[in-house]
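Below is one structure, written out as structure tokens; comments come after it.
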Amino acid sequence: MAFDVSLEMTKNGVAKITLAGELDANVAGEFRDKVDEAAQKGAKRLVLLMADLEYMASAGLRSLIFAKQKMGADVDIYVIAAQDPVMDTMEMTGFHHSVIMRDEYDAEIENI
Amino acid sequence: MVERIDSYPTHEHDGYKLRTGRPLPFGASLVPGGVNFSVYSSHATACTLVLFEKGAAQPLVEIPFPDEFRIGNTFSMIVFDIDVENTEYGYRMDGPWEPEVGHRFNKDNILMDPYAKAIGGRDAWGKPPNWDDPYQHRGRLVFDDFDWENDRPLELPIEDLIIYEAHVRGFTRHESSGVKHPGTFAGLREKIPYLKELGINCIELMPVYEFDEFEHSRPNPMREGEMLMNYWGYSTVGFFAPKAGYAATGVLAMQVDEFKALVKELHRSGIEVMLDVVFNHTAEGNERGPSISYKGLDNKVYYMLTPEGYYFNFSGTGNTLNCNHPVVRGMVLDCLRYWAAEYHIDGFRFDLAAILGRDQNGAPLANPPLLEMLAHDPVLAKCKLIAEAWDAGGLYQVGSFPAYGRWAEWNGKYRDVMRRFVKGDTGLIGEVAQRLQGSPDLYALRGPTASVNFVTCHDGFTLHDLVAYNGKHNEANGEDNRDGNDDNLSWNCGWEGVTEDPGVVALRQQQMKNFAALLMVSQGVPMILMGDEVARTKGGNNNTYCHDNELNWLDWSLREANAEQFRFFKHIIAFRHAHPALRSRYHFANRDYVGSGYPDISWHGTQAWAADWSENNDHTLAFMLCGKHAKQGTAQDDYLYVAINTYWDGLPFELPGLPSGMKWHISTNTSMSAPQDIFAPGKEPVLDDQSHVIVGGRSLVILVGR
């Protein structure tokens, strides 16, 4: 499935990035562009909706690291509904400690 | 801001845009817009960069270094617009094929970069490689973008360490480990709570540099369908790359991230990471071995060669790295700096380190420049440096390794004398006293921290087998029991190997406790072997380098089966942590320098204040540490008294008196069964008789005065 990424800013300053398909080296730049955009718009919280993300190559993980460092330590990153293979990659490389993993996006995340 | 103009291509080859590179740093480095490749050879006449798409049999492109990209003996070039994650690279080196003078250039070979930071080709442990591939070990490119947060090396004082020597795969490969990814860095990470419970604060990993488990692999003659492999990994392919097959994510080429995640989490748990590094030889073997990298790049520089161009073999494995050649020295330094800075490694243990002190013809140097350089390097300044101070060429430097105030040693003499003493050999009291004090006879000027004390390590028997076998049983290695050390200084307690005899089993348990207790009350830095805390056995095999099976895999069910052993280890480790008097940085002065009325250490026997150093006394020794002298009087501790009886029957020991108001409490008595064998620090009961203690046959008693 082709990669797709979109950004939505909520009125509370939550940047919601929806990822779908396969995140690999060829498309990682598109994801990073969205992170850049969210940072420019002053995002206070970054939420990555991954329910439809089927696969994440090393480049995908690198993009998450990029997001963390781009947004700074004050901006929490939420990873929502990551599928098992994606979750597994994040766990094996220890990255799950650097983000907050949740099954679903809810009011608690919405309200900063 | 003016855009930089130094990152624009000036050359082109086959559609690839190029620019002259920077000679330093060596290796492949990511730079704006591309990758800087730099490699050196003192004798090559030309060099070609070979790029592959990941895993492809045929190169994507071959780019000869233009003459103007060569400075001195270095070839460097920036290649733009490389797909970093999907590219593998190597080099062809042109030059003379003249083995008799040391040159082995062959431009038909594709060679791995010695500075490759990740290596493809053995991505999943044990997966048979494609032997038809002419390029077996492939350099890969890595990012340095790991999210370390605020981590850095822990810099624990070396005298406070308790080292746990472990094998990454062996630690969790057994199905009983219950981890999600057995045998990997991720698996080890899952077991950190176990290490914390045990109480160790430093894990020393057997080699994690990329090696080839298929080197010298052969069918196991004893077990059909199984291979004997290069399991331990003491044979380096690439010094800068973590072993991909140790990473659950190796198939995704994310071994760098996975290993860093392990280091970061160990640090969060207060556990340092030490690497066992093998700079004495490489996986290229002798003149019959493969040409992976160094041989084809600059054979005469990287290896110690005889005048006829053959390989010196001080390592016992075919070749010897030419460590004191200035160029090789530079590589070793670059490598260790890289691991210290990029991976936050806390220390290094150097395999067969005596080789690092030999000159280019193999003669021992009085002032080896490599060792001096490592000792004084600013990046390595806080790293622990530990030498295995001997080699396979007969150079034995325990006590005399060139230390420059920095180097510690695996104290082989500690191991040997403690093994003999505990099994009941006589005439050792004097030497045992030296070893208990951190070997001032060996390390007078260096202090007890120069002494890494151990009874067992990966080489030789496990602790259980040390008390269960008189001789080695290495038949499974397929060499008719000829391999491995014959001089194990072991005693089977009355029966060779497995037995149900309750007397023998109990004595073995007691002897294991004796060893553990001696280690933890000795000055210096104690090291224990993975699994000894649960009485792991290798069935009497003392050289299991080649087994990828239960002989090397830790069986986690032993945690329950041998719960008494684990409990004892846990408490005796806690005891050491609780008592700074056991962890001195400096040798004892043998006098009172704080006005406590007691010397820092005093020696006793069956009579207080009267240690018997004569030849008539073979079996008893006791000592007391004055708590007021802990850490040279800067820390407050209890008074500690340790009595050892290696005689077969129990003996009464008269106790030295304590300052008024204090009482002796019993911490440890190895002749008892759990839970009377050892008490948690702070929970020790008062001793009924404050003037004497009976120390059972072949046992040890520790008292705490408070």
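How things are named: the first chain in the structure tokens is A, the next is B, and so on; residues count from 1 in each chain; ligands count from 1 in the order shown.
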Strand (DSSP E or B) call set, DSSP backbone run, segment 435-571 of chain B, as a list of chain:residue names: B:Ser451, B:Val452, B:Asn453, B:Phe454, B:Val525, B:Pro526, B:Met527, B:Ile528, B:Leu529, B:His547
Suppose we keep all heavy atoms; can you now write the selection as an mmCIF file, in the first residue's frame?
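What ended up in part16.cif:
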```cif
data_model
loop_
_atom_site.group_PDB
_atom_site.id
_atom_site.type_symbol
_atom_site.label_atom_id
_atom_site.label_comp_id
_atom_site.auth_asym_id
_atom_site.auth_seq_id
_atom_site.Cartn_x
_atom_site.Cartn_y
_atom_site.Cartn_z
ATOM 1 N N SER B 451 43.531 -5.042 40.490
ATOM 2 C CA SER B 451 43.292 -6.482 40.527
ATOM 3 C C SER B 451 41.826 -6.818 40.279
ATOM 4 O O SER B 451 40.967 -6.543 41.108
ATOM 5 C CB SER B 451 43.713 -7.029 41.906
ATOM 6 O OG SER B 451 43.467 -8.418 41.967
ATOM 7 N N VAL B 452 41.533 -7.361 39.121
ATOM 8 C CA VAL B 452 40.197 -7.914 38.892
ATOM 9 C C VAL B 452 40.236 -9.360 39.369
ATOM 10 O O VAL B 452 40.932 -10.204 38.793
ATOM 11 C CB VAL B 452 39.776 -7.821 37.415
ATOM 12 C CG1 VAL B 452 38.449 -8.535 37.196
ATOM 13 C CG2 VAL B 452 39.682 -6.365 36.987
ATOM 14 N N ASN B 453 39.534 -9.605 40.466
ATOM 15 C CA ASN B 453 39.557 -10.923 41.097
ATOM 16 C C ASN B 453 38.462 -11.802 40.518
ATOM 17 O O ASN B 453 37.331 -11.370 40.359
ATOM 18 C CB ASN B 453 39.313 -10.786 42.602
ATOM 19 C CG ASN B 453 40.360 -9.919 43.287
ATOM 20 O OD1 ASN B 453 41.523 -9.907 42.884
ATOM 21 N ND2 ASN B 453 39.950 -9.199 44.308
ATOM 22 N N PHE B 454 38.821 -13.018 40.207
ATOM 23 C CA PHE B 454 37.812 -13.940 39.690
ATOM 24 C C PHE B 454 38.233 -15.368 39.986
ATOM 25 O O PHE B 454 39.415 -15.641 40.194
ATOM 26 C CB PHE B 454 37.583 -13.743 38.191
ATOM 27 C CG PHE B 454 38.784 -14.083 37.333
ATOM 28 C CD1 PHE B 454 38.802 -15.252 36.565
ATOM 29 C CD2 PHE B 454 39.888 -13.246 37.284
ATOM 30 C CE1 PHE B 454 39.899 -15.575 35.776
ATOM 31 C CE2 PHE B 454 40.988 -13.561 36.492
ATOM 32 C CZ PHE B 454 40.998 -14.725 35.735
ATOM 33 N N VAL B 525 38.522 -5.879 42.489
ATOM 34 C CA VAL B 525 37.268 -5.790 41.739
ATOM 35 C C VAL B 525 36.781 -7.202 41.422
ATOM 36 O O VAL B 525 37.395 -7.894 40.626
ATOM 37 C CB VAL B 525 37.477 -5.019 40.416
ATOM 38 C CG1 VAL B 525 36.145 -4.806 39.716
ATOM 39 C CG2 VAL B 525 38.189 -3.695 40.653
ATOM 40 N N PRO B 526 35.697 -7.651 42.064
ATOM 41 C CA PRO B 526 35.253 -9.027 41.821
ATOM 42 C C PRO B 526 34.519 -9.188 40.491
ATOM 43 O O PRO B 526 33.782 -8.294 40.059
ATOM 44 C CB PRO B 526 34.295 -9.294 42.984
ATOM 45 C CG PRO B 526 33.792 -7.948 43.389
ATOM 46 C CD PRO B 526 34.877 -6.962 43.072
ATOM 47 N N MET B 527 34.749 -10.306 39.868
ATOM 48 C CA MET B 527 34.022 -10.628 38.633
ATOM 49 C C MET B 527 33.433 -12.025 38.768
ATOM 50 O O MET B 527 34.119 -12.953 39.187
ATOM 51 C CB MET B 527 34.970 -10.586 37.430
ATOM 52 C CG MET B 527 34.257 -10.921 36.124
ATOM 53 S SD MET B 527 35.342 -10.859 34.693
ATOM 54 C CE MET B 527 36.144 -12.454 34.796
ATOM 55 N N ILE B 528 32.158 -12.150 38.403
ATOM 56 C CA ILE B 528 31.541 -13.479 38.403
ATOM 57 C C ILE B 528 31.107 -13.832 36.988
ATOM 58 O O ILE B 528 30.882 -12.955 36.152
ATOM 59 C CB ILE B 528 30.352 -13.579 39.386
ATOM 60 C CG1 ILE B 528 29.274 -12.551 39.050
ATOM 61 C CG2 ILE B 528 30.825 -13.392 40.806
ATOM 62 C CD1 ILE B 528 28.055 -12.657 39.952
ATOM 63 N N LEU B 529 31.023 -15.109 36.752
ATOM 64 C CA LEU B 529 30.664 -15.606 35.425
ATOM 65 C C LEU B 529 29.160 -15.830 35.349
ATOM 66 O O LEU B 529 28.554 -16.380 36.276
ATOM 67 C CB LEU B 529 31.408 -16.928 35.164
ATOM 68 C CG LEU B 529 30.991 -17.732 33.931
ATOM 69 C CD1 LEU B 529 31.332 -16.967 32.644
ATOM 70 C CD2 LEU B 529 31.690 -19.088 33.924
ATOM 71 N N HIS B 547 30.039 -24.172 20.859
ATOM 72 C CA HIS B 547 28.708 -24.767 21.033
ATOM 73 C C HIS B 547 27.588 -23.746 21.071
ATOM 74 O O HIS B 547 27.519 -22.917 21.975
ATOM 75 C CB HIS B 547 28.662 -25.599 22.324
ATOM 76 C CG HIS B 547 29.517 -26.811 22.260
ATOM 77 N ND1 HIS B 547 29.140 -27.939 21.596
ATOM 78 C CD2 HIS B 547 30.760 -27.040 22.727
ATOM 79 C CE1 HIS B 547 30.103 -28.838 21.678
ATOM 80 N NE2 HIS B 547 31.102 -28.317 22.348
#
```
Up to 9 Å from chain B, what residues of chain A turn up? Count only C-alpha atoms and give them as a compact mmCIF listing (two decimals) with C-alpha atoms, in the first residue's frame.
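What landed in iface28.txt:
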```
# COMPACT_ATOMS: atom_id res chain seq x y z
CA ALA A 25 13.51 5.48 3.12
CA ASN A 26 11.85 6.63 -0.10
CA ALA A 57 11.76 0.54 7.99
CA SER A 58 14.78 1.93 9.73
CA ALA A 59 14.10 5.23 7.96
CA ARG A 62 14.90 7.65 12.16
CA ILE A 65 13.97 10.33 16.31
CA PHE A 66 13.99 13.38 14.06
CA LYS A 68 11.59 14.00 18.94
CA GLN A 69 14.67 16.15 18.46
CA ALA A 73 11.92 17.79 25.14
CA THR A 89 10.41 -2.62 15.85
CA GLU A 91 10.36 -2.06 21.27
CA MET A 92 13.40 -3.91 19.97
CA THR A 93 15.24 -0.65 19.44
CA GLY A 94 14.07 0.80 22.74
CA PHE A 95 12.34 3.73 21.09
CA SER A 98 11.01 7.89 24.21
```
Polymer residues at most 12 Å from segment 605-615 of chain B, only C-alpha atoms, same-chain spacing of 5 or more positions, as a PyMOL selection string: chain B and resi 426-433+598-599+620-624+641-645+650-658+691-695
Ser235 of chain B environment, 10 Å, only C-alpha atoms, sequence neighbours closer than 6 positions dropped, as an MDAnalysis selection string: chainID B and resid 207 209:213 215 277:285 317
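Proximity of A:Ala15, A:Met50, A:Val27, A:Ala38 to Val86 of chain A, computed with only C-alpha atoms, is greatest for A:Met50.
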Alpha helix (DSSP H) call set, DSSP backbone run, chain A, as a PyMOL selection string: chain A and resi 28-40+58-71+84-92+107-110
Residue among B:Leu111, B:Ala116, B:Ile271, B:Leu228 lying closest to Cys546 of chain B, counting only C-alpha atoms: B:Leu228
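For the set A:Thr18, A:Thr10, A:Asn111, A:Gln40, the residue with the smallest atom-to-atom gap to Val79 of chain A is A:Thr18, counting only C-alpha atoms.
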Residue contacts of Tyr586 of chain B (12 Å, only C-alpha atoms) excluding same-chain residues fewer than 5 positions away, as a PyMOL selection string: chain B and resi 158-159+437-440+443-451+523-524+581+600+629-633
Neighbour list for Ile112 of chain A as a list in words, cut-off 9 Å, only C-alpha atoms, skip fewer than 2 positions in-chain: Asn12, Gly13, Val14, Lys44, Arg45, Glu108, Ile109 and Glu110 of chain A
I need the chosen residues saved as a PDB file, in the first residue's frame, with N, CA and C atoms.
```pdb
ATOM      1  N   ASN A  12      -6.297  23.244  20.209  1.00  0.00           N
ATOM      2  CA  ASN A  12      -5.495  23.190  21.438  1.00  0.00           C
ATOM      3  C   ASN A  12      -3.992  23.166  21.160  1.00  0.00           C
ATOM      4  N   GLY A  13      -3.633  23.104  19.895  1.00  0.00           N
ATOM      5  CA  GLY A  13      -2.209  23.047  19.567  1.00  0.00           C
ATOM      6  C   GLY A  13      -1.664  21.628  19.482  1.00  0.00           C
ATOM      7  N   VAL A  14      -2.569  20.658  19.304  1.00  0.00           N
ATOM      8  CA  VAL A  14      -2.111  19.287  19.102  1.00  0.00           C
ATOM      9  C   VAL A  14      -1.934  19.055  17.598  1.00  0.00           C
ATOM     10  N   LYS A  44       2.177  21.924  20.382  1.00  0.00           N
ATOM     11  CA  LYS A  44       2.551  21.696  21.780  1.00  0.00           C
ATOM     12  C   LYS A  44       2.567  20.204  22.100  1.00  0.00           C
ATOM     13  N   ARG A  45       1.997  19.436  21.217  1.00  0.00           N
ATOM     14  CA  ARG A  45       1.953  17.988  21.429  1.00  0.00           C
ATOM     15  C   ARG A  45       1.883  17.362  20.038  1.00  0.00           C
ATOM     16  N   GLU A 108      -8.159  12.908  26.784  1.00  0.00           N
ATOM     17  CA  GLU A 108      -7.008  13.190  27.648  1.00  0.00           C
ATOM     18  C   GLU A 108      -5.819  13.700  26.823  1.00  0.00           C
ATOM     19  N   ILE A 109      -5.667  13.140  25.642  1.00  0.00           N
ATOM     20  CA  ILE A 109      -4.565  13.568  24.772  1.00  0.00           C
ATOM     21  C   ILE A 109      -4.928  14.881  24.086  1.00  0.00           C
ATOM     22  N   GLU A 110      -6.182  15.014  23.762  1.00  0.00           N
ATOM     23  CA  GLU A 110      -6.677  16.203  23.061  1.00  0.00           C
ATOM     24  C   GLU A 110      -6.510  17.465  23.917  1.00  0.00           C
TER      25      GLU A 110
END
```
Contacts of Ala674 of chain B within 9 Å, only C-alpha atoms, excl. fewer than 2 positions in-chain, as a VMD selection string: chain B and resid 564 to 565 567 to 568 672 676 to 678
Resulting file, chosen residues, all heavy atoms, as an mmCIF file, in the first residue's frame:
```cif
data_model
loop_
_atom_site.group_PDB
_atom_site.id
_atom_site.type_symbol
_atom_site.label_atom_id
_atom_site.label_comp_id
_atom_site.auth_asym_id
_atom_site.auth_seq_id
_atom_site.Cartn_x
_atom_site.Cartn_y
_atom_site.Cartn_z
ATOM 1 N N GLU B 564 18.868 -21.719 46.459
ATOM 2 C CA GLU B 564 19.769 -21.459 47.590
ATOM 3 C C GLU B 564 21.040 -20.756 47.113
ATOM 4 O O GLU B 564 21.535 -19.836 47.767
ATOM 5 C CB GLU B 564 20.116 -22.775 48.295
ATOM 6 C CG GLU B 564 21.092 -22.582 49.440
ATOM 7 C CD GLU B 564 21.143 -23.775 50.403
ATOM 8 O OE1 GLU B 564 20.277 -24.656 50.304
ATOM 9 O OE2 GLU B 564 22.051 -23.795 51.250
ATOM 10 N N GLN B 565 21.533 -21.196 45.964
ATOM 11 C CA GLN B 565 22.739 -20.578 45.400
ATOM 12 C C GLN B 565 22.461 -19.111 45.042
ATOM 13 O O GLN B 565 23.241 -18.232 45.357
ATOM 14 C CB GLN B 565 23.157 -21.358 44.148
ATOM 15 C CG GLN B 565 24.332 -20.761 43.399
ATOM 16 C CD GLN B 565 25.646 -21.442 43.753
ATOM 17 O OE1 GLN B 565 25.751 -22.111 44.786
ATOM 18 N NE2 GLN B 565 26.625 -21.279 42.904
ATOM 19 N N ARG B 567 20.180 -17.126 46.177
ATOM 20 C CA ARG B 567 19.974 -16.332 47.392
ATOM 21 C C ARG B 567 21.301 -15.966 48.031
ATOM 22 O O ARG B 567 21.522 -14.830 48.461
ATOM 23 C CB ARG B 567 19.102 -17.126 48.383
ATOM 24 C CG ARG B 567 18.838 -16.412 49.688
ATOM 25 C CD ARG B 567 18.062 -17.290 50.679
ATOM 26 N NE ARG B 567 17.936 -16.610 51.956
ATOM 27 C CZ ARG B 567 18.860 -16.624 52.902
ATOM 28 N NH1 ARG B 567 19.983 -17.293 52.720
ATOM 29 N NH2 ARG B 567 18.660 -15.979 54.032
ATOM 30 N N PHE B 568 22.199 -16.953 48.074
ATOM 31 C CA PHE B 568 23.496 -16.676 48.686
ATOM 32 C C PHE B 568 24.249 -15.601 47.906
ATOM 33 O O PHE B 568 24.801 -14.652 48.475
ATOM 34 C CB PHE B 568 24.338 -17.959 48.774
ATOM 35 C CG PHE B 568 25.596 -17.766 49.575
ATOM 36 C CD1 PHE B 568 25.585 -17.938 50.949
ATOM 37 C CD2 PHE B 568 26.779 -17.371 48.966
ATOM 38 C CE1 PHE B 568 26.744 -17.726 51.705
ATOM 39 C CE2 PHE B 568 27.933 -17.157 49.710
ATOM 40 C CZ PHE B 568 27.911 -17.335 51.087
ATOM 41 N N MET B 672 26.340 -23.705 56.889
ATOM 42 C CA MET B 672 24.910 -23.839 57.151
ATOM 43 C C MET B 672 24.118 -23.851 55.839
ATOM 44 O O MET B 672 24.579 -23.359 54.810
ATOM 45 C CB MET B 672 24.406 -22.671 58.008
ATOM 46 C CG MET B 672 25.178 -22.442 59.290
ATOM 47 S SD MET B 672 24.933 -23.763 60.490
ATOM 48 C CE MET B 672 23.344 -23.271 61.173
ATOM 49 N N GLN B 676 20.038 -20.064 57.085
ATOM 50 C CA GLN B 676 21.024 -19.762 58.132
ATOM 51 C C GLN B 676 22.413 -19.473 57.559
ATOM 52 O O GLN B 676 23.312 -19.070 58.286
ATOM 53 C CB GLN B 676 21.137 -20.950 59.107
ATOM 54 C CG GLN B 676 19.820 -21.385 59.731
ATOM 55 C CD GLN B 676 19.222 -20.307 60.624
ATOM 56 O OE1 GLN B 676 19.936 -19.637 61.363
ATOM 57 N NE2 GLN B 676 17.906 -20.107 60.518
ATOM 58 N N ASP B 677 22.588 -19.696 56.244
ATOM 59 C CA ASP B 677 23.925 -19.538 55.668
ATOM 60 C C ASP B 677 24.324 -18.075 55.532
ATOM 61 O O ASP B 677 25.490 -17.720 55.638
ATOM 62 C CB ASP B 677 24.023 -20.242 54.307
ATOM 63 C CG ASP B 677 22.944 -19.797 53.333
ATOM 64 O OD1 ASP B 677 21.956 -19.155 53.761
ATOM 65 O OD2 ASP B 677 23.076 -20.096 52.127
ATOM 66 N N ILE B 678 23.342 -17.230 55.285
ATOM 67 C CA ILE B 678 23.669 -15.814 55.120
ATOM 68 C C ILE B 678 22.432 -14.969 55.434
ATOM 69 O O ILE B 678 21.304 -15.377 55.132
ATOM 70 C CB ILE B 678 24.203 -15.522 53.696
ATOM 71 C CG1 ILE B 678 24.724 -14.071 53.590
ATOM 72 C CG2 ILE B 678 23.173 -15.822 52.618
ATOM 73 C CD1 ILE B 678 25.589 -13.842 52.360
#
```
